[in-house]
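Asker: First the structure, which I've put down as structure tokens, then a few questions once you've had a look.
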Amino acid sequence: MIRVAVVDDERLVRSGLRMILGTAPDIEMVADCGGAEAVETVLRCAAEVVLLDIRMPDVDGLTVLRRLRAAPNPPAVAMLTTFDAQEYLTAALREGAAGFLLKDSDPEQLVRAVRTLAAGGSVLDPGVTRAVIGGYLTAEDQAAAARAVSGLTPRESQVLALLGEGLGNAQIADRMGLASSTVKDHVRALLGKLGGINRIQAAIVADRAGLVSGAPRGAW
């Protein structure tokens, strides 16, 4: 079972997400709360995946994200956002967010996202893709990404391309016919070579470097 916590200042939003995710047979909703008690609650419940509102009036989502990422064995955190919160997206990405989801995402998309996050993958709602990619990588960053990618081994480049598709380690292992432990080693190595970035940042680099198949440059 995937242990999930929802952090949002609106009870109605929390109730809706709990109802949606609670219908999945492999997902267990272990907590829902506001920002003030979020860090203590999430860590106490040992949540593996957290859906976190990016803007809250008491303790903002970026602060909660930062504290969760600093904890031992931190959960995967996807930020819940709206179209008018673009100024927060780049900051959340740099703080280690594993994904971005719109609050009005359809139920099936939310369930798939939780499963992807639990498997070590990253998620990015198409509605915020352009804002996240555009805000994170400037033209200078794009050139630097291309240079960094050129220093990867062919196998690491393959893994990076699959990260760019949002796949988790197990999915990459299946796609490439490798052991999960081998994929994990490749991911660790390539993230280090790319400057110690996280998975979703690496996925953006893969996109900008033209490694993601089936999608135009600059799109997810």
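Residue numbering restarts at 1 for every chain of the structure tokens, chains are lettered A, B, ... in their displayed order, and ligands are numbered from 1 as they appear.
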If you run DSSP on this backbone, which residues of range 39-207 of chain A come out as strand (DSSP E or B), and could you give them as a list in words?
Answerer: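 Those in range 39-207 of chain A that DSSP calls strand (DSSP E or B) are Val49, Val50, Leu51, Leu52, Asp53, Ala76, Val77, Ala78, Met79, Leu80, Thr81, Gly99, Phe100, Leu101, Leu102, Val123 and Leu124 of chain A.
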Asker: So that I can see what lies close to range 112-114 of chain A, please list as a PyMOL selection string the residues with an atom at most 10 Å from it, counting only C-alpha atoms and leaving out residues fewer than 2 positions away in the same chain.
Answerer: chain A and resi 2-4+21+24+27+48-51+76-78+99-101+107-110+116-119+121-125+166
Asker: What lies within 8 Å of range 57-66 of chain A using only C-alpha atoms, ignoring chain neighbours under 2 positions off, as a JSON list (two decimals) with all heavy atoms, in the first residue's frame?
Answerer:
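Listing of selection17.json after writing:
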```
[["chain", "number", "residue", "atom", "x", "y", "z"],
["A", 9, "ASP", "N", -4.90, 23.97, 3.07],
["A", 9, "ASP", "CA", -5.59, 24.75, 4.08],
["A", 9, "ASP", "C", -7.11, 24.67, 3.94],
["A", 9, "ASP", "O", -7.84, 25.06, 4.84],
["A", 9, "ASP", "CB", -5.14, 26.22, 4.03],
["A", 9, "ASP", "CG", -5.47, 26.89, 2.71],
["A", 9, "ASP", "OD1", -5.06, 26.34, 1.68],
["A", 9, "ASP", "OD2", -6.11, 27.96, 2.71],
["A", 35, "GLY", "N", -1.31, 23.50, 6.89],
["A", 35, "GLY", "CA", 0.13, 23.71, 6.87],
["A", 35, "GLY", "C", 0.81, 23.75, 8.22],
["A", 35, "GLY", "O", 1.95, 23.31, 8.36],
["A", 36, "ALA", "N", 0.12, 24.27, 9.24],
["A", 36, "ALA", "CA", 0.76, 24.47, 10.54],
["A", 36, "ALA", "C", 1.24, 23.17, 11.16],
["A", 36, "ALA", "O", 2.31, 23.09, 11.75],
["A", 36, "ALA", "CB", -0.21, 25.18, 11.49],
["A", 38, "ALA", "N", 1.64, 20.30, 9.38],
["A", 38, "ALA", "CA", 1.96, 19.40, 8.28],
["A", 38, "ALA", "C", 3.21, 18.57, 8.52],
["A", 38, "ALA", "O", 3.19, 17.34, 8.37],
["A", 38, "ALA", "CB", 2.11, 20.20, 6.99],
["A", 39, "VAL", "N", 4.32, 19.19, 8.87],
["A", 39, "VAL", "CA", 5.58, 18.46, 8.97],
["A", 39, "VAL", "C", 5.49, 17.37, 10.04],
["A", 39, "VAL", "O", 5.82, 16.20, 9.79],
["A", 39, "VAL", "CB", 6.75, 19.41, 9.28],
["A", 39, "VAL", "CG1", 8.04, 18.62, 9.48],
["A", 39, "VAL", "CG2", 6.92, 20.42, 8.14],
["A", 52, "LEU", "N", 0.91, 18.51, -1.61],
["A", 52, "LEU", "CA", 1.09, 19.69, -0.78],
["A", 52, "LEU", "C", 0.67, 20.96, -1.50],
["A", 52, "LEU", "O", 1.20, 21.28, -2.58],
["A", 52, "LEU", "CB", 2.58, 19.78, -0.38],
["A", 52, "LEU", "CG", 3.06, 21.03, 0.35],
["A", 52, "LEU", "CD1", 2.36, 21.21, 1.69],
["A", 52, "LEU", "CD2", 4.58, 20.95, 0.54],
["A", 53, "ASP", "N", -0.27, 21.69, -0.90],
["A", 53, "ASP", "CA", -0.70, 22.97, -1.45],
["A", 53, "ASP", "C", 0.49, 23.92, -1.48],
["A", 53, "ASP", "O", 1.20, 24.08, -0.47],
["A", 53, "ASP", "CB", -1.82, 23.55, -0.57],
["A", 53, "ASP", "CG", -2.46, 24.79, -1.17],
["A", 53, "ASP", "OD1", -2.10, 25.16, -2.31],
["A", 53, "ASP", "OD2", -3.30, 25.40, -0.49],
["A", 54, "ILE", "N", 0.71, 24.58, -2.60],
["A", 54, "ILE", "CA", 1.88, 25.44, -2.73],
["A", 54, "ILE", "C", 1.70, 26.76, -2.00],
["A", 54, "ILE", "O", 2.67, 27.41, -1.62],
["A", 54, "ILE", "CB", 2.20, 25.67, -4.22],
["A", 54, "ILE", "CG1", 3.67, 26.06, -4.40],
["A", 54, "ILE", "CG2", 1.27, 26.70, -4.84],
["A", 54, "ILE", "CD1", 4.14, 25.99, -5.84],
["A", 55, "ARG", "N", 0.43, 27.18, -1.79],
["A", 55, "ARG", "CA", 0.18, 28.44, -1.08],
["A", 55, "ARG", "C", -0.83, 28.21, 0.03],
["A", 55, "ARG", "O", -1.95, 27.78, -0.21],
["A", 55, "ARG", "CB", -0.38, 29.49, -2.04],
["A", 55, "ARG", "CG", 0.62, 29.99, -3.05],
["A", 55, "ARG", "CD", 0.15, 31.25, -3.74],
["A", 55, "ARG", "NE", -1.12, 31.09, -4.41],
["A", 55, "ARG", "CZ", -1.66, 32.01, -5.20],
["A", 55, "ARG", "NH1", -1.05, 33.16, -5.39],
["A", 55, "ARG", "NH2", -2.83, 31.80, -5.79],
["A", 68, "LEU", "N", 10.30, 19.08, 5.02],
["A", 68, "LEU", "CA", 10.13, 17.65, 4.72],
["A", 68, "LEU", "C", 11.35, 17.10, 3.99],
["A", 68, "LEU", "O", 11.81, 15.99, 4.28],
["A", 68, "LEU", "CB", 8.88, 17.43, 3.88],
["A", 68, "LEU", "CG", 7.53, 17.60, 4.58],
["A", 68, "LEU", "CD1", 6.39, 17.45, 3.59],
["A", 68, "LEU", "CD2", 7.38, 16.60, 5.72],
["A", 69, "ARG", "N", 11.89, 17.87, 3.05],
["A", 69, "ARG", "CA", 13.04, 17.39, 2.29],
["A", 69, "ARG", "C", 14.28, 17.28, 3.15],
["A", 69, "ARG", "O", 15.21, 16.54, 2.82],
["A", 69, "ARG", "CB", 13.31, 18.34, 1.11],
["A", 69, "ARG", "CG", 12.22, 18.39, 0.07],
["A", 69, "ARG", "CD", 11.97, 17.04, -0.56],
["A", 69, "ARG", "NE", 13.17, 16.50, -1.18],
["A", 69, "ARG", "CZ", 13.33, 15.23, -1.53],
["A", 69, "ARG", "NH1", 12.37, 14.35, -1.30],
["A", 69, "ARG", "NH2", 14.45, 14.84, -2.10],
["A", 70, "ALA", "N", 14.32, 18.01, 4.27],
["A", 70, "ALA", "CA", 15.47, 17.95, 5.17],
["A", 70, "ALA", "C", 15.40, 16.78, 6.14],
["A", 70, "ALA", "O", 16.37, 16.48, 6.83],
["A", 70, "ALA", "CB", 15.58, 19.26, 5.95],
["A", 77, "VAL", "N", 7.25, 14.58, -2.74],
["A", 77, "VAL", "CA", 6.27, 15.66, -2.56],
["A", 77, "VAL", "C", 5.89, 16.25, -3.91],
["A", 77, "VAL", "O", 6.75, 16.72, -4.67],
["A", 77, "VAL", "CB", 6.82, 16.78, -1.66],
["A", 77, "VAL", "CG1", 5.78, 17.87, -1.47],
["A", 77, "VAL", "CG2", 7.27, 16.22, -0.31],
["A", 79, "MET", "N", 3.53, 19.26, -5.56],
["A", 79, "MET", "CA", 2.87, 20.48, -5.17],
["A", 79, "MET", "C", 1.52, 20.60, -5.87],
["A", 79, "MET", "O", 1.40, 20.37, -7.09],
["A", 79, "MET", "CB", 3.73, 21.70, -5.54],
["A", 79, "MET", "CG", 5.18, 21.62, -5.08],
["A", 79, "MET", "SD", 5.38, 21.34, -3.30],
["A", 79, "MET", "CE", 4.74, 22.89, -2.63],
["A", 91, "ALA", "N", 10.72, 28.10, -7.46],
["A", 91, "ALA", "CA", 11.24, 27.95, -6.10],
["A", 91, "ALA", "C", 10.97, 26.56, -5.56],
["A", 91, "ALA", "O", 11.85, 25.94, -4.94],
["A", 91, "ALA", "CB", 10.62, 29.00, -5.19],
["A", 92, "ALA", "N", 9.77, 26.03, -5.80],
["A", 92, "ALA", "CA", 9.44, 24.68, -5.33],
["A", 92, "ALA", "C", 10.31, 23.64, -6.01],
["A", 92, "ALA", "O", 10.75, 22.67, -5.38],
["A", 92, "ALA", "CB", 7.96, 24.40, -5.58],
["A", 95, "GLU", "N", 13.62, 23.53, -4.49],
["A", 95, "GLU", "CA", 13.59, 22.98, -3.13],
["A", 95, "GLU", "C", 13.38, 21.47, -3.13],
["A", 95, "GLU", "O", 13.34, 20.85, -2.07],
["A", 95, "GLU", "CB", 12.49, 23.66, -2.31],
["A", 95, "GLU", "CG", 12.75, 25.11, -1.97],
["A", 95, "GLU", "CD", 13.88, 25.32, -0.99],
["A", 95, "GLU", "OE1", 14.32, 24.32, -0.37],
["A", 95, "GLU", "OE2", 14.35, 26.46, -0.85],
["A", 96, "GLY", "N", 13.22, 20.86, -4.30],
["A", 96, "GLY", "CA", 13.15, 19.41, -4.37],
["A", 96, "GLY", "C", 11.78, 18.81, -4.62],
["A", 96, "GLY", "O", 11.58, 17.62, -4.39],
["A", 97, "ALA", "N", 10.82, 19.62, -5.09],
["A", 97, "ALA", "CA", 9.51, 19.07, -5.41],
["A", 97, "ALA", "C", 9.65, 18.00, -6.49],
["A", 97, "ALA", "O", 10.40, 18.16, -7.45],
["A", 97, "ALA", "CB", 8.57, 20.18, -5.89]]
```
Asker: Pick the closest to Leu17 in chain A from A:Glu40, A:Asn198, A:Ser105, A:Met1: which is it, counting only C-alpha atoms?
Answerer: A:Ser105
Asker: Just give me the gap between CA of Gly120 in chain A and CA of Gly168 in chain A in Å, one decimal is fine.
Answerer: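 A separation of 4.6 Å between them.
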Asker: Pick out the closest residue to Lys103 in chain A from this set: A:Leu80, A:Val205, A:Val6, A:Leu43. Count only C-alpha atoms.
Answerer: A:Leu80
Asker: Fewer than 6 positions away in the same chain doesn't count, so skip those; otherwise give me all residues within 8 Å of range 182-186 of chain A, counting only C-alpha atoms, as a tab-separated table (two decimals) with N, CA, C and O atoms, in the first residue's frame.
Answerer:
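Output saved as around.tsv:
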```tsv
chain	number	residue	atom	x	y	z
A	155	ARG	N	24.73	4.99	-21.79
A	155	ARG	CA	23.71	4.36	-20.94
A	155	ARG	C	23.05	5.40	-20.03
A	155	ARG	O	21.83	5.38	-19.83
A	156	GLU	N	23.85	6.32	-19.48
A	156	GLU	CA	23.29	7.38	-18.64
A	156	GLU	C	22.36	8.29	-19.44
A	156	GLU	O	21.33	8.73	-18.94
A	159	VAL	N	19.07	6.54	-19.75
A	159	VAL	CA	18.32	6.65	-18.50
A	159	VAL	C	17.74	8.04	-18.34
A	159	VAL	O	16.58	8.22	-17.95
A	169	ASN	N	12.29	4.32	-11.37
A	169	ASN	CA	13.40	3.38	-11.56
A	169	ASN	C	12.93	2.02	-12.05
A	169	ASN	O	13.55	1.42	-12.94
A	172	ILE	N	11.97	2.20	-15.69
A	172	ILE	CA	13.17	2.33	-16.53
A	172	ILE	C	13.87	0.98	-16.64
A	172	ILE	O	14.33	0.58	-17.72
A	173	ALA	N	13.95	0.26	-15.52
A	173	ALA	CA	14.58	-1.06	-15.53
A	173	ALA	C	13.86	-2.01	-16.48
A	173	ALA	O	14.49	-2.73	-17.26
```
